[in-house]
$ cat upload_17.txt   # compact mmCIF, C-alpha atoms and all ligand atoms
# COMPACT_ATOMS: atom_id res chain seq x y z
CA MET A 65 -149.47 119.96 -29.23
CA GLU A 66 -147.01 120.70 -32.01
CA ASN A 67 -145.47 117.58 -33.52
CA ILE A 68 -141.88 117.08 -32.39
CA TRP A 69 -139.84 114.61 -34.43
CA ASP A 70 -137.32 112.55 -32.52
CA CYS A 71 -134.78 113.28 -35.23
CA ILE A 72 -134.60 115.31 -38.43
CA VAL A 73 -132.06 114.09 -40.97
CA ILE A 74 -130.92 116.69 -43.48
CA GLY A 75 -129.93 115.02 -46.74
CA GLY A 76 -131.44 111.96 -48.40
CA GLY A 77 -128.26 110.39 -49.79
CA PRO A 78 -126.67 107.14 -48.53
CA ALA A 79 -125.54 108.68 -45.21
CA GLY A 80 -128.91 110.28 -44.42
CA LEU A 81 -130.99 107.23 -45.36
CA SER A 82 -128.71 104.91 -43.40
CA ALA A 83 -129.09 107.18 -40.35
CA ALA A 84 -132.87 107.25 -40.84
CA LEU A 85 -133.15 103.47 -41.17
CA ASN A 86 -131.17 102.86 -38.00
CA LEU A 87 -133.09 105.47 -36.04
CA ARG A 88 -136.31 103.70 -37.07
CA ARG A 89 -134.83 100.34 -35.99
CA ARG A 90 -134.42 101.95 -32.56
CA GLY A 91 -138.04 103.16 -32.56
CA GLN A 92 -137.40 106.85 -33.21
CA THR A 93 -139.60 109.02 -35.42
CA VAL A 94 -137.59 110.42 -38.34
CA LEU A 95 -138.13 113.12 -40.92
CA VAL A 96 -135.64 113.19 -43.80
CA LEU A 97 -135.43 116.48 -45.68
CA SER A 98 -133.71 116.13 -49.01
CA GLY A 99 -133.21 119.09 -51.27
CA GLY A 100 -132.10 117.47 -54.48
CA ALA A 101 -130.89 114.38 -56.29
CA PRO A 102 -128.08 112.66 -54.33
CA LEU A 103 -124.68 112.43 -56.04
CA LEU A 104 -124.87 108.67 -56.28
CA GLU A 105 -127.69 108.82 -58.83
CA LYS A 106 -125.08 110.09 -61.31
CA ALA A 107 -122.92 106.96 -60.95
CA GLU A 108 -123.35 104.67 -63.94
CA LEU A 109 -122.01 101.67 -62.04
CA VAL A 110 -120.89 101.26 -58.46
CA GLU A 111 -118.26 98.55 -58.37
CA ASN A 112 -116.92 98.80 -54.82
CA TYR A 113 -119.95 98.36 -52.55
CA LEU A 114 -119.52 95.09 -50.72
CA GLY A 115 -121.74 92.32 -52.02
CA LEU A 116 -123.48 94.38 -54.70
CA PRO A 117 -121.09 94.68 -57.66
CA GLY A 118 -122.26 96.30 -60.86
CA VAL A 119 -125.38 98.05 -59.58
CA SER A 120 -126.14 101.50 -61.00
CA GLY A 121 -126.15 104.48 -58.65
CA LYS A 122 -129.82 105.09 -59.43
CA GLU A 123 -130.77 101.47 -58.58
CA MET A 124 -128.80 101.66 -55.37
CA MET A 125 -130.46 104.92 -54.30
CA ASP A 126 -133.92 103.54 -55.14
CA CYS A 127 -133.19 100.53 -52.87
CA PHE A 128 -131.86 102.73 -50.06
CA ARG A 129 -134.94 105.00 -50.20
CA ALA A 130 -137.37 102.07 -50.40
CA HIS A 131 -135.72 100.39 -47.39
CA ALA A 132 -135.74 103.53 -45.22
CA THR A 133 -139.34 104.46 -46.06
CA ALA A 134 -140.55 100.85 -45.60
CA GLN A 135 -139.18 101.09 -42.05
CA GLY A 136 -141.22 104.25 -41.45
CA ALA A 137 -138.86 107.11 -42.22
CA VAL A 138 -140.76 110.06 -43.69
CA VAL A 139 -138.88 111.56 -46.65
CA LYS A 140 -139.78 115.03 -47.94
CA THR A 141 -138.25 116.79 -50.92
CA GLN A 142 -137.35 120.04 -49.20
CA ARG A 143 -134.17 122.02 -48.69
CA ALA A 144 -133.38 122.90 -45.08
CA GLY A 145 -132.45 126.57 -44.89
CA ASN A 146 -131.29 126.71 -41.30
CA VAL A 147 -131.03 124.78 -38.07
CA VAL A 148 -131.41 126.56 -34.75
CA PRO A 149 -130.58 124.82 -31.46
CA MET A 150 -133.23 125.79 -28.87
CA GLY A 151 -132.10 123.97 -25.72
CA ASP A 152 -133.75 120.52 -25.67
CA THR A 153 -135.03 120.89 -29.25
CA PHE A 154 -134.00 122.17 -32.68
CA LEU A 155 -135.97 124.35 -35.08
CA VAL A 156 -135.37 123.47 -38.73
CA GLY A 157 -136.57 125.88 -41.41
CA ALA A 158 -137.30 124.40 -44.85
CA GLY A 159 -138.98 126.45 -47.55
CA THR A 160 -141.98 127.99 -45.83
CA ASP A 161 -142.19 125.21 -43.20
CA MET A 162 -140.69 124.95 -39.74
CA TYR A 163 -140.04 121.60 -38.06
CA THR A 164 -139.05 120.74 -34.49
CA SER A 165 -136.95 117.78 -33.30
CA TYR A 166 -134.88 116.56 -30.37
CA ALA A 167 -131.89 115.80 -32.58
CA VAL A 168 -130.57 116.64 -36.05
CA ILE A 169 -128.25 114.65 -38.29
CA LEU A 170 -126.53 116.55 -41.09
CA ALA A 171 -125.87 114.36 -44.12
CA CYS A 172 -125.72 117.04 -46.79
CA GLY A 173 -122.89 115.74 -48.96
CA VAL A 174 -120.22 118.07 -50.26
CA SER A 175 -121.18 121.69 -50.71
CA LYS A 176 -119.63 123.05 -53.89
CA ALA A 177 -120.93 126.55 -53.41
CA SER A 178 -118.34 129.30 -53.06
CA PRO A 179 -119.62 132.30 -51.14
CA VAL A 180 -119.85 135.58 -53.04
CA PRO A 181 -117.90 138.58 -51.70
CA GLY A 182 -119.83 140.21 -48.84
CA GLU A 183 -121.95 137.09 -48.17
CA ALA A 184 -120.20 135.99 -44.98
CA GLU A 185 -119.62 139.57 -43.83
CA PHE A 186 -123.32 140.49 -43.98
CA LEU A 187 -124.78 137.16 -42.84
CA GLY A 188 -127.37 138.11 -40.19
CA ARG A 189 -127.11 141.77 -41.23
CA GLY A 190 -129.19 141.49 -44.39
CA VAL A 191 -127.92 138.25 -45.92
CA SER A 192 -130.12 135.24 -45.19
CA TYR A 193 -130.48 131.64 -46.37
CA CYS A 194 -134.04 131.13 -45.12
CA ALA A 195 -137.15 133.11 -46.04
CA THR A 196 -139.34 131.56 -43.32
CA CYS A 197 -136.80 132.29 -40.62
CA ASP A 198 -135.91 135.88 -41.49
CA GLY A 199 -138.63 137.11 -43.86
CA MET A 200 -140.53 139.06 -41.19
CA LEU A 201 -137.50 141.30 -40.66
CA PHE A 202 -137.90 142.60 -44.21
CA ARG A 203 -141.63 143.40 -44.43
CA GLN A 204 -142.21 146.48 -46.64
CA LYS A 205 -138.48 146.42 -47.50
CA ARG A 206 -136.59 145.65 -50.71
CA VAL A 207 -135.27 142.13 -50.93
CA VAL A 208 -133.34 140.40 -53.66
CA VAL A 209 -133.77 136.64 -53.91
CA TRP A 210 -131.00 134.77 -55.73
CA GLY A 211 -132.85 131.61 -56.70
CA LEU A 212 -130.59 128.61 -57.31
CA SER A 213 -132.67 125.88 -55.65
CA PRO A 214 -135.93 124.35 -56.95
CA GLU A 215 -137.81 125.67 -53.90
CA ALA A 216 -136.61 129.25 -54.32
CA PRO A 217 -139.75 130.47 -56.22
CA ASP A 218 -141.92 129.31 -53.28
CA GLU A 219 -139.71 131.12 -50.80
CA ALA A 220 -139.87 134.26 -52.97
CA GLU A 221 -143.66 133.97 -53.04
CA PHE A 222 -143.72 133.68 -49.26
CA LEU A 223 -141.64 136.87 -48.94
CA HIS A 224 -143.96 138.60 -51.42
CA SER A 225 -147.05 137.43 -49.46
CA ILE A 226 -145.80 138.99 -46.20
CA GLY A 227 -145.19 142.34 -47.85
CA CYS A 228 -141.54 142.27 -48.92
CA ARG A 229 -140.73 144.03 -52.21
CA VAL A 230 -139.12 141.10 -53.97
CA THR A 231 -136.78 141.06 -56.98
CA TYR A 232 -135.95 137.54 -58.13
CA VAL A 233 -132.58 136.96 -59.77
CA ALA A 234 -131.81 133.76 -61.71
CA SER A 235 -130.44 132.72 -65.07
CA ARG A 236 -134.00 132.48 -66.37
CA ARG A 237 -137.47 133.17 -64.99
CA PRO A 238 -138.85 130.03 -63.30
CA GLU A 239 -142.26 128.96 -64.62
CA THR A 240 -143.56 128.78 -61.06
CA LEU A 241 -142.54 132.32 -60.09
CA ALA A 242 -145.65 134.19 -58.90
CA ASP A 243 -146.99 137.11 -60.90
CA GLY A 244 -146.17 140.38 -59.19
CA ILE A 245 -142.58 139.41 -58.40
CA ASP A 246 -140.03 141.38 -60.42
CA PHE A 247 -137.55 139.24 -62.29
CA VAL A 248 -134.02 140.20 -63.33
CA PRO A 249 -131.92 137.73 -65.35
CA GLY A 250 -128.40 137.24 -64.02
CA ALA A 251 -126.43 136.02 -61.04
CA LEU A 252 -125.35 137.58 -57.79
CA THR A 253 -121.67 138.53 -57.84
CA ALA A 254 -121.37 140.41 -54.53
CA VAL A 255 -123.30 141.86 -51.60
CA HIS A 256 -122.63 145.49 -50.69
CA GLY A 257 -123.34 147.26 -47.45
CA ASP A 258 -122.25 149.58 -44.79
CA ASN A 259 -123.26 148.31 -41.38
CA VAL A 260 -126.11 146.39 -43.02
CA VAL A 261 -126.83 145.31 -46.60
CA THR A 262 -127.54 148.11 -49.04
CA ALA A 263 -127.31 146.45 -52.46
CA ALA A 264 -127.01 143.26 -54.45
CA GLN A 265 -124.41 143.35 -57.22
CA LEU A 266 -125.06 141.52 -60.48
CA LYS A 267 -122.64 141.45 -63.40
CA GLN A 268 -124.29 144.29 -65.27
CA GLN A 269 -126.22 146.17 -62.59
CA THR A 270 -126.59 147.03 -58.92
CA LEU A 271 -129.94 146.39 -57.24
CA PRO A 272 -130.60 148.45 -54.09
CA ALA A 273 -131.65 146.03 -51.34
CA ASP A 274 -132.22 145.80 -47.59
CA GLY A 275 -132.04 142.03 -47.67
CA VAL A 276 -130.44 139.42 -49.92
CA PHE A 277 -131.76 135.85 -49.75
CA ILE A 278 -129.27 133.38 -51.19
CA LEU A 279 -131.17 130.16 -51.88
CA ARG A 280 -128.75 127.44 -53.00
CA PRO A 281 -129.55 123.72 -53.27
CA ALA A 282 -126.90 123.08 -50.62
CA ALA A 283 -125.62 125.63 -48.17
CA PRO A 284 -122.21 125.30 -46.51
CA PRO A 285 -122.66 123.58 -43.09
CA ASP A 286 -121.66 126.64 -41.08
CA ALA A 287 -124.25 128.69 -42.97
CA LEU A 288 -126.90 126.05 -42.25
CA VAL A 289 -126.00 125.83 -38.55
CA PRO A 290 -124.29 128.94 -37.22
CA GLY A 291 -121.79 127.98 -34.51
CA ILE A 292 -120.98 124.50 -35.84
CA GLU A 293 -117.28 123.76 -35.50
CA MET A 294 -115.39 123.25 -38.77
CA GLU A 295 -111.89 121.96 -39.49
CA ASN A 296 -110.19 122.47 -42.87
CA GLY A 297 -113.53 123.34 -44.46
CA ARG A 298 -115.27 120.20 -43.15
CA VAL A 299 -117.57 119.65 -40.19
CA LYS A 300 -115.64 118.45 -37.15
CA ALA A 301 -117.15 115.32 -35.57
CA ASP A 302 -116.00 112.72 -33.04
CA ALA A 303 -115.99 108.93 -33.57
CA SER A 304 -119.72 108.80 -32.70
CA MET A 305 -120.42 111.47 -35.34
CA ARG A 306 -121.20 114.11 -32.68
CA THR A 307 -120.47 117.73 -33.58
CA ASN A 308 -119.69 120.42 -31.00
CA ILE A 309 -123.46 121.08 -30.59
CA PRO A 310 -125.32 118.59 -28.33
CA ARG A 311 -127.52 116.12 -30.30
CA LEU A 312 -126.33 117.52 -33.65
CA TYR A 313 -124.48 114.87 -35.67
CA ALA A 314 -122.89 114.74 -39.12
CA ALA A 315 -122.19 111.86 -41.51
CA GLY A 316 -121.02 111.08 -45.02
CA ASP A 317 -119.16 113.15 -47.59
CA MET A 318 -119.59 116.32 -45.56
CA LEU A 319 -117.04 114.93 -43.08
CA GLY A 320 -114.44 114.54 -45.83
CA ALA A 321 -112.58 111.77 -47.69
CA PRO A 322 -112.95 109.03 -48.66
CA LEU A 323 -116.03 110.23 -50.55
CA GLN A 324 -117.53 106.76 -50.91
CA VAL A 325 -120.92 105.14 -50.39
CA ALA A 326 -119.73 102.51 -47.89
CA LYS A 327 -118.19 105.14 -45.64
CA ALA A 328 -121.32 107.32 -45.89
CA VAL A 329 -123.59 104.38 -44.99
CA GLY A 330 -121.36 103.40 -42.05
CA GLN A 331 -121.17 106.91 -40.65
CA GLY A 332 -124.94 107.29 -41.10
CA LEU A 333 -125.43 104.12 -39.04
CA VAL A 334 -123.15 105.38 -36.25
CA ALA A 335 -124.84 108.80 -36.20
CA GLY A 336 -128.30 107.19 -36.14
CA LEU A 337 -127.45 104.85 -33.25
CA CYS A 338 -125.75 107.56 -31.22
CA ALA A 339 -128.64 109.95 -31.82
CA ALA A 340 -131.21 107.30 -30.80
CA GLU A 341 -129.37 106.68 -27.52
CA GLU A 342 -129.01 110.37 -26.69
CA ILE A 343 -132.63 111.19 -27.61
CA GLN A 344 -133.86 108.45 -25.27
CA LYS A 345 -131.60 109.75 -22.50
CA LEU A 346 -132.89 113.29 -23.00
CA LYS A 347 -136.49 112.10 -22.87
CA GLN A 348 -135.88 110.11 -19.67
CA GLU A 349 -134.23 113.09 -18.00
CA ALA A 350 -136.93 115.51 -19.14
CA HIS A 351 -139.77 112.98 -18.51
CA VAL A 352 -141.08 113.58 -22.09
C1 LIG B 401 -120.49 110.23 -60.87
C2 LIG B 401 -120.22 109.69 -59.50
C3 LIG B 401 -119.84 108.38 -59.35
C4 LIG B 401 -119.60 107.84 -58.08
N1 LIG B 401 -119.22 106.54 -57.98
C5 LIG B 401 -119.02 106.00 -56.77
C6 LIG B 401 -118.67 104.62 -56.65
O1 LIG B 401 -118.54 103.89 -57.63
N2 LIG B 401 -118.46 104.14 -55.41
C7 LIG B 401 -118.59 104.89 -54.28
O2 LIG B 401 -118.41 104.38 -53.17
N3 LIG B 401 -118.91 106.20 -54.37
C8 LIG B 401 -119.12 106.78 -55.58
N4 LIG B 401 -119.46 108.11 -55.67
C9 LIG B 401 -119.49 108.92 -54.44
C10 LIG B 401 -120.80 108.75 -53.68
O3 LIG B 401 -121.87 109.08 -54.53
C11 LIG B 401 -120.80 109.61 -52.41
O4 LIG B 401 -119.67 109.31 -51.63
C12 LIG B 401 -122.05 109.40 -51.59
O5 LIG B 401 -123.19 109.67 -52.35
C13 LIG B 401 -122.03 110.29 -50.35
O6 LIG B 401 -123.24 110.16 -49.67
P1 LIG B 401 -123.79 111.34 -48.73
O7 LIG B 401 -125.09 110.84 -48.21
O8 LIG B 401 -122.74 111.76 -47.77
O9 LIG B 401 -123.98 112.60 -49.68
P2 LIG B 401 -124.87 112.79 -51.01
O10 LIG B 401 -125.05 111.50 -51.72
O11 LIG B 401 -124.22 113.90 -51.73
O12 LIG B 401 -126.28 113.21 -50.47
C14 LIG B 401 -126.49 114.45 -49.84
C15 LIG B 401 -127.92 114.86 -50.08
O13 LIG B 401 -128.22 115.97 -49.22
C16 LIG B 401 -128.97 116.91 -49.94
N5 LIG B 401 -128.84 118.21 -49.28
C17 LIG B 401 -127.75 119.01 -49.22
N6 LIG B 401 -128.03 120.12 -48.50
C18 LIG B 401 -129.32 120.00 -48.11
C19 LIG B 401 -130.18 120.83 -47.36
N7 LIG B 401 -129.78 122.01 -46.86
N8 LIG B 401 -131.45 120.41 -47.14
C20 LIG B 401 -131.88 119.23 -47.63
N9 LIG B 401 -131.10 118.40 -48.37
C21 LIG B 401 -129.83 118.80 -48.59
C22 LIG B 401 -128.39 116.86 -51.34
O14 LIG B 401 -129.29 117.39 -52.29
C23 LIG B 401 -128.21 115.35 -51.50
O15 LIG B 401 -129.39 114.74 -51.95
C24 LIG B 401 -119.72 108.66 -56.92
C25 LIG B 401 -120.11 109.99 -57.08
C26 LIG B 401 -120.35 110.50 -58.33
C27 LIG B 401 -120.77 111.94 -58.48

$ encode --input "upload_17.txt" --output "structure tokens" --more "lines below"
Ligand SMILES: Cc1cc2nc3c(=O)[nH]c(=O)nc-3n(C[C@H](O)[C@H](O)[C@H](O)COP(=O)(O)OP(=O)(O)OC[C@H]3O[C@@H](n4cnc5c(N)ncnc54)[C@H](O)[C@@H]3O)c2cc1C
Amino acid sequence: MENIWDCIVIGGGPAGLSAALNLRRRGQTVLVLSGGAPLLEKAELVENYLGLPGVSGKEMMDCFRAHATAQGAVVKTQRAGNVVPMGDTFLVGAGTDMYTSYAVILACGVSKASPVPGEAEFLGRGVSYCATCDGMLFRQKRVVVWGLSPEAPDEAEFLHSIGCRVTYVASRRPETLADGIDFVPGALTAVHGDNVVTAAQLKQQTLPADGVFILRPAAPPDALVPGIEMENGRVKADASMRTNIPRLYAAGDMLGAPLQVAKAVGQGLVAGLCAAEEIQKLKQEAHV
């Protein structure tokens, strides 16, 4: 039978690792997907974390990761492209992999990406954030991949391998980009279409396209999970870190200010404990 994780945590910063640790303390299996270096690694010194004055952000993150993995959390360096609620379970697409879990905790930090014109309008009508999830819709068709994340060359290769005609756009050609994939230097400035996508606009040229894959290191939460309720640009969550989608929780900077480690760790703990309780309840009811 396919492996179902009790919980998938998206984001390996303080909030995500705190959630993972506390899920493990409650006996749940946990996969942490983390797409890039957490913000905290950039902090030269953290002076306001209770009991640990003067530790560097890098040292603190190394301790957090070591603690969570020592307790049995599995941490993979992968960017989650989308999260699909499927009734009792969730499907999480990451690169060319798909994972299944009973619960998901979003701990993605702050997304700084601004959508390009046409991106939101054509989402699901040619614009996609996940090659594994949507690639099959574009077999034998022209797709433009805007590669901003480290995993983007792999996703482009996957699209190429299933028969998509791929053009890869980035500031420079990644060393790992497969031969046979066309490369155009530049950045996406807009997506054009009629009812569906017809072209990707770069500064200097227009590339005809049936699909545009926008692969950022961090996608806005409502792009990652269509249907998630937002408030003033932030995910809306209750005091137990529940979102509007059952067994989908959020913690840390993505819930808004104060953008601080202690708050992220605390919210991760609450999300982890609430998720553990609700996963157990689901399993009892479903006799899993
Ligand atoms: C220079 C600097 C100094 C700071 N100094 C302090 C300080 O002294 N004290 C303090 O309290 N706070 C400080 N902060 C703030 C602190 O770093 C944040 O509040 C904290 O890291 C938030 O934790 P988080 O887990 O919510 O998010 P993050 O630490 O941002 O972690 C989110 C993680 O999720 C990953 N991710 C995002 N999207 C996806 C996806 N789709 N799939 C997989 N992974 C994904 C990101 O790559 C990242 O690794 C500082 C921040 C900076 C930048």

$ residues_near_ligand --input "upload_17.txt" --ligand "ligand LIG 401 (chain B)" --cutoff "6 Å" --atoms "only C-alpha atoms and all ligand atoms" --output "ChimeraX atom specification"
/A:74-80,97-104,106-107,110-112,142-145,171-174,282-283,316-318,323-326,328

$ write_last_selection --input "upload_17.txt" --atoms "C-alpha atoms" --output "PDB file, in the coordinates of the input"
ATOM      1  CA  ILE A  74    -130.920 116.690 -43.480  1.00  0.00           C
ATOM      2  CA  GLY A  75    -129.930 115.020 -46.740  1.00  0.00           C
ATOM      3  CA  GLY A  76    -131.440 111.960 -48.400  1.00  0.00           C
ATOM      4  CA  GLY A  77    -128.260 110.390 -49.790  1.00  0.00           C
ATOM      5  CA  PRO A  78    -126.670 107.140 -48.530  1.00  0.00           C
ATOM      6  CA  ALA A  79    -125.540 108.680 -45.210  1.00  0.00           C
ATOM      7  CA  GLY A  80    -128.910 110.280 -44.420  1.00  0.00           C
ATOM      8  CA  LEU A  97    -135.430 116.480 -45.680  1.00  0.00           C
ATOM      9  CA  SER A  98    -133.710 116.130 -49.010  1.00  0.00           C
ATOM     10  CA  GLY A  99    -133.210 119.090 -51.270  1.00  0.00           C
ATOM     11  CA  GLY A 100    -132.100 117.470 -54.480  1.00  0.00           C
ATOM     12  CA  ALA A 101    -130.890 114.380 -56.290  1.00  0.00           C
ATOM     13  CA  PRO A 102    -128.080 112.660 -54.330  1.00  0.00           C
ATOM     14  CA  LEU A 103    -124.680 112.430 -56.040  1.00  0.00           C
ATOM     15  CA  LEU A 104    -124.870 108.670 -56.280  1.00  0.00           C
ATOM     16  CA  LYS A 106    -125.080 110.090 -61.310  1.00  0.00           C
ATOM     17  CA  ALA A 107    -122.920 106.960 -60.950  1.00  0.00           C
ATOM     18  CA  VAL A 110    -120.890 101.260 -58.460  1.00  0.00           C
ATOM     19  CA  GLU A 111    -118.260  98.550 -58.370  1.00  0.00           C
ATOM     20  CA  ASN A 112    -116.920  98.800 -54.820  1.00  0.00           C
ATOM     21  CA  GLN A 142    -137.350 120.040 -49.200  1.00  0.00           C
ATOM     22  CA  ARG A 143    -134.170 122.020 -48.690  1.00  0.00           C
ATOM     23  CA  ALA A 144    -133.380 122.900 -45.080  1.00  0.00           C
ATOM     24  CA  GLY A 145    -132.450 126.570 -44.890  1.00  0.00           C
ATOM     25  CA  ALA A 171    -125.870 114.360 -44.120  1.00  0.00           C
ATOM     26  CA  CYS A 172    -125.720 117.040 -46.790  1.00  0.00           C
ATOM     27  CA  GLY A 173    -122.890 115.740 -48.960  1.00  0.00           C
ATOM     28  CA  VAL A 174    -120.220 118.070 -50.260  1.00  0.00           C
ATOM     29  CA  ALA A 282    -126.900 123.080 -50.620  1.00  0.00           C
ATOM     30  CA  ALA A 283    -125.620 125.630 -48.170  1.00  0.00           C
ATOM     31  CA  GLY A 316    -121.020 111.080 -45.020  1.00  0.00           C
ATOM     32  CA  ASP A 317    -119.160 113.150 -47.590  1.00  0.00           C
ATOM     33  CA  MET A 318    -119.590 116.320 -45.560  1.00  0.00           C
ATOM     34  CA  LEU A 323    -116.030 110.230 -50.550  1.00  0.00           C
ATOM     35  CA  GLN A 324    -117.530 106.760 -50.910  1.00  0.00           C
ATOM     36  CA  VAL A 325    -120.920 105.140 -50.390  1.00  0.00           C
ATOM     37  CA  ALA A 326    -119.730 102.510 -47.890  1.00  0.00           C
ATOM     38  CA  ALA A 328    -121.320 107.320 -45.890  1.00  0.00           C
TER      39      ALA A 328
END

$ atom_distance --input "upload_17.txt" --atom1 "CA of Gly190 in chain A" --atom2 "CA of Pro149 in chain A"
21.1 Å

$ residues_around --input "upload_17.txt" --residues "Trp210 in chain A" --least-positions-apart "6" --cutoff "9 Å" --atoms "only C-alpha atoms" --output "short mmCIF file (atom, residue, chain, number, x, y, z; two decimals) with C-alpha atoms, in the coordinates of the input"
data_model
loop_
_atom_site.label_atom_id
_atom_site.label_comp_id
_atom_site.auth_asym_id
_atom_site.auth_seq_id
_atom_site.Cartn_x
_atom_site.Cartn_y
_atom_site.Cartn_z
CA ALA A 216 -136.61 129.25 -54.32
CA THR A 231 -136.78 141.06 -56.98
CA TYR A 232 -135.95 137.54 -58.13
CA VAL A 233 -132.58 136.96 -59.77
CA ALA A 234 -131.81 133.76 -61.71
CA ALA A 251 -126.43 136.02 -61.04
CA LEU A 252 -125.35 137.58 -57.79
CA VAL A 276 -130.44 139.42 -49.92
CA PHE A 277 -131.76 135.85 -49.75
CA ILE A 278 -129.27 133.38 -51.19
CA LEU A 279 -131.17 130.16 -51.88
CA ARG A 280 -128.75 127.44 -53.00
#

$ atom_distance --input "upload_17.txt" --atom1 "CA of Pro322 in chain A" --atom2 "CA of Ala340 in chain A"
25.6 Å

$ atom_distance --input "upload_17.txt" --atom1 "CA of Ala273 in chain A" --atom2 "CA of Val230 in chain A"
9.3 Å

$ residues_around --input "upload_17.txt" --residues "Ala167 in chain A" --least-positions-apart "5" --cutoff "6 Å" --atoms "all atoms listed in the file" --output "PyMOL selection string"
chain A and resi 71+311-312

$ residues_around --input "upload_17.txt" --residues "Leu155 in chain A" --least-positions-apart "5" --cutoff "9 Å" --atoms "only C-alpha atoms" --output "PyMOL selection string"
chain A and resi 146-150+162-165

$ closest_residue --input "upload_17.txt" --among "A:Gly330, A:Gly157, A:Pro181, A:Gly211" --to "Thr196 in chain A" --atoms "only C-alpha atoms"
A:Gly157

$ residues_around --input "upload_17.txt" --residues "Asp198 in chain A" --least-positions-apart "6" --cutoff "10 Å" --atoms "all atoms listed in the file" --output "number ranges by chain"
A: 188, 190-192, 223, 275, 277

$ residues_around --input "upload_17.txt" --residues "Ala254 in chain A" --least-positions-apart "2" --cutoff "10 Å" --atoms "only C-alpha atoms" --output "compact mmCIF listing (two decimals) with C-alpha atoms, keeping the file's coordinate frame"
# COMPACT_ATOMS: atom_id res chain seq x y z
CA PRO A 179 -119.62 132.30 -51.14
CA VAL A 180 -119.85 135.58 -53.04
CA PRO A 181 -117.90 138.58 -51.70
CA GLY A 182 -119.83 140.21 -48.84
CA GLU A 183 -121.95 137.09 -48.17
CA ALA A 251 -126.43 136.02 -61.04
CA LEU A 252 -125.35 137.58 -57.79
CA HIS A 256 -122.63 145.49 -50.69
CA ALA A 263 -127.31 146.45 -52.46
CA ALA A 264 -127.01 143.26 -54.45
CA GLN A 265 -124.41 143.35 -57.22
CA LEU A 266 -125.06 141.52 -60.48
CA LYS A 267 -122.64 141.45 -63.40
CA THR A 270 -126.59 147.03 -58.92

$ closest_residue --input "upload_17.txt" --among "A:Ala195, A:Met294, A:Ala132, A:Ala242" --to "Ala83 in chain A" --atoms "all atoms listed in the file"
A:Ala132

$ closest_residue --input "upload_17.txt" --among "A:His351, A:Arg229, A:Lys327, A:His224" --to "Asp274 in chain A" --atoms "all atoms listed in the file"
A:Arg229

$ closest_residue --input "upload_17.txt" --among "A:Leu333, A:Leu114, A:Met125, A:Ile169" --to "Pro285 in chain A" --atoms "only C-alpha atoms"
A:Ile169

$ closest_residue --input "upload_17.txt" --among "A:Glu341, A:Asp243, A:Asp70, A:Asp126" --to "Thr153 in chain A" --atoms "all atoms listed in the file"
A:Asp70

$ residues_near_point --input "upload_17.txt" --point "(-120.0, 125.9, -35.5)" --cutoff "12 Å" --atoms "all atoms listed in the file" --output "list in words"
Val147, Val148, Pro149, Pro284, Pro285, Asp286, Ala287, Leu288, Val289, Pro290, Gly291, Ile292, Glu293, Met294, Glu295, Gly297, Arg298, Val299, Lys300, Ala301, Thr307, Asn308, Ile309, Pro310, Leu312 and Tyr313 of chain A

$ decode --input "upload_17.txt" --residues "range 237-247 of chain A" --atoms "N, CA and C atoms" --output "short mmCIF file (atom, residue, chain, number, x, y, z; two decimals), in the first residue's frame"
data_model
loop_
_atom_site.label_atom_id
_atom_site.label_comp_id
_atom_site.auth_asym_id
_atom_site.auth_seq_id
_atom_site.Cartn_x
_atom_site.Cartn_y
_atom_site.Cartn_z
N ARG A 237 21.33 30.19 -17.91
CA ARG A 237 21.03 28.77 -18.08
C ARG A 237 21.57 27.97 -16.90
N PRO A 238 20.70 27.21 -16.19
CA PRO A 238 21.22 26.40 -15.09
C PRO A 238 22.10 25.27 -15.61
N GLU A 239 23.17 24.97 -14.86
CA GLU A 239 24.08 23.90 -15.30
C GLU A 239 23.36 22.58 -15.44
N THR A 240 22.33 22.38 -14.61
CA THR A 240 21.65 21.08 -14.59
C THR A 240 20.52 20.97 -15.60
N LEU A 241 20.31 22.02 -16.41
CA LEU A 241 19.21 21.95 -17.38
C LEU A 241 19.54 20.92 -18.46
N ALA A 242 18.60 20.00 -18.70
CA ALA A 242 18.84 18.89 -19.64
C ALA A 242 19.05 19.40 -21.07
N ASP A 243 19.92 18.69 -21.78
CA ASP A 243 20.09 18.99 -23.21
C ASP A 243 18.73 18.77 -23.88
N GLY A 244 18.47 19.51 -24.92
CA GLY A 244 17.20 19.30 -25.62
C GLY A 244 16.11 20.24 -25.14
N ILE A 245 16.38 20.96 -24.05
CA ILE A 245 15.41 21.97 -23.60
C ILE A 245 15.89 23.34 -24.06
N ASP A 246 15.03 24.05 -24.80
CA ASP A 246 15.42 25.38 -25.27
C ASP A 246 15.54 26.33 -24.09
N PHE A 247 16.52 27.21 -24.19
CA PHE A 247 16.72 28.17 -23.10
C PHE A 247 16.64 29.59 -23.66
#
